[in-house]
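Remarks on the structure that follows.
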Amino acid sequence: MTLTINTPQIHLLALLNMEDAKEGWGRTDLIGEAAQQLAGTPNDTWNETEAALGQLMSEGVVKPVGKKGHDLVTLR
């Protein structure tokens, strides 16, 4: 995985690395927070960030956690 400074992946990983994020982030909240940190239209940055989270999950960097019915993700 190649990361540059201002990519959705960088913002997602920075948020997931926060001390208070150890129990996981709500998927929608995580995407929204990371997307706000990117330049572009809200729809474009949301779509880019959602795709980046999907890629991080498929690569095994991020995993789903939580009880059934909760849409939480955290670092592996």
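Residue names in the structure tokens use chain letters A, B, ... in the order shown, residue numbers from 1 in each chain, and ligand numbers from 1 in the order shown.
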### Task
Might you pull out every residue within 12 Å of A:Thr7, with only C-alpha atoms counted and same-chain residues fewer than 4 positions away left off, and present them as a list in words?
Thr2, Leu3, His11, Leu12, Leu13, Ala14, Ala34, Ala35, Gln36, Gln37, Leu38, Ala39, Gly40, Thr45, Glu48, Thr49, Glu50, Ala51, Ala52 and Leu53 of chain A
#### Entry: Members of chain A assigned alpha helix (DSSP H) by DSSP, as a VMD selection string
chain A and resid 8 to 16 27 to 36 42 to 58
Please provide as an mmCIF file with N, CA, C and O atoms, in the first residue's frame all residues within 10 Å of A:Thr28, with the sequence filter that same-chain residues fewer than 3 positions apart are discarded (counting only C-alpha atoms).
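Final file, out32.cif:
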data_model
loop_
_atom_site.group_PDB
_atom_site.id
_atom_site.type_symbol
_atom_site.label_atom_id
_atom_site.label_comp_id
_atom_site.auth_asym_id
_atom_site.auth_seq_id
_atom_site.Cartn_x
_atom_site.Cartn_y
_atom_site.Cartn_z
ATOM 1 N N TRP A 25 -14.504 3.007 15.536
ATOM 2 C CA TRP A 25 -15.250 4.146 15.005
ATOM 3 C C TRP A 25 -16.488 3.618 14.318
ATOM 4 O O TRP A 25 -16.438 2.580 13.652
ATOM 5 N N ILE A 31 -15.928 7.836 8.030
ATOM 6 C CA ILE A 31 -15.876 8.304 6.640
ATOM 7 C C ILE A 31 -16.156 9.804 6.590
ATOM 8 O O ILE A 31 -15.438 10.558 5.928
ATOM 9 N N GLY A 32 -17.157 10.257 7.314
ATOM 10 C CA GLY A 32 -17.513 11.671 7.301
ATOM 11 C C GLY A 32 -16.411 12.557 7.846
ATOM 12 O O GLY A 32 -16.088 13.598 7.264
ATOM 13 N N GLU A 33 -15.816 12.151 8.959
ATOM 14 C CA GLU A 33 -14.746 12.941 9.567
ATOM 15 C C GLU A 33 -13.527 13.009 8.656
ATOM 16 O O GLU A 33 -12.946 14.073 8.464
ATOM 17 N N TRP A 46 -16.591 12.195 0.045
ATOM 18 C CA TRP A 46 -17.256 11.076 0.731
ATOM 19 C C TRP A 46 -17.015 9.784 -0.052
ATOM 20 O O TRP A 46 -16.615 8.768 0.522
ATOM 21 N N GLU A 50 -14.954 6.614 1.304
ATOM 22 C CA GLU A 50 -15.652 5.330 1.460
ATOM 23 C C GLU A 50 -14.911 4.233 0.695
ATOM 24 O O GLU A 50 -14.727 3.122 1.208
ATOM 25 N N ASP A 71 -21.975 -0.962 13.492
ATOM 26 C CA ASP A 71 -21.106 -0.885 12.317
ATOM 27 C C ASP A 71 -19.800 -0.195 12.703
ATOM 28 O O ASP A 71 -19.535 0.924 12.277
ATOM 29 N N LEU A 72 -18.994 -0.840 13.551
ATOM 30 C CA LEU A 72 -17.755 -0.265 14.021
ATOM 31 C C LEU A 72 -16.583 -0.873 13.276
ATOM 32 O O LEU A 72 -16.606 -2.041 12.894
ATOM 33 N N VAL A 73 -15.535 -0.058 13.096
ATOM 34 C CA VAL A 73 -14.291 -0.540 12.506
ATOM 35 C C VAL A 73 -13.123 -0.048 13.343
ATOM 36 O O VAL A 73 -13.210 0.965 14.027
#
#### Entry: For atom CA of A:Leu30 and atom CA of A:Thr74, the interatomic separation in Å (one decimal)
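Computing the Euclidean distance for atom CA of A:Leu30 and atom CA of A:Thr74 yields 10.0 Å.
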Check the DSSP output for the backbone and give back, as a CSV table (one decimal) with C-alpha atoms, in the first residue's frame, the residues of chain A in strand (DSSP E or B).
chain,number,residue,atom,x,y,z
A,25,TRP,CA,-15.2,4.1,15.0
A,26,GLY,CA,-18.7,4.1,13.6
A,62,VAL,CA,-8.9,-2.3,9.2
A,63,LYS,CA,-11.4,-4.8,10.6
A,64,PRO,CA,-15.1,-4.6,11.7
A,65,VAL,CA,-15.7,-4.9,15.4
A,72,LEU,CA,-17.8,-0.3,14.0
A,73,VAL,CA,-14.3,-0.5,12.5
A,74,THR,CA,-10.8,-0.4,14.0
A,75,LEU,CA,-7.2,-1.1,13.1
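For the pair atom CA of A:Asn6 and atom CA of A:Gly60, the interatomic distance is 21.3 Å.
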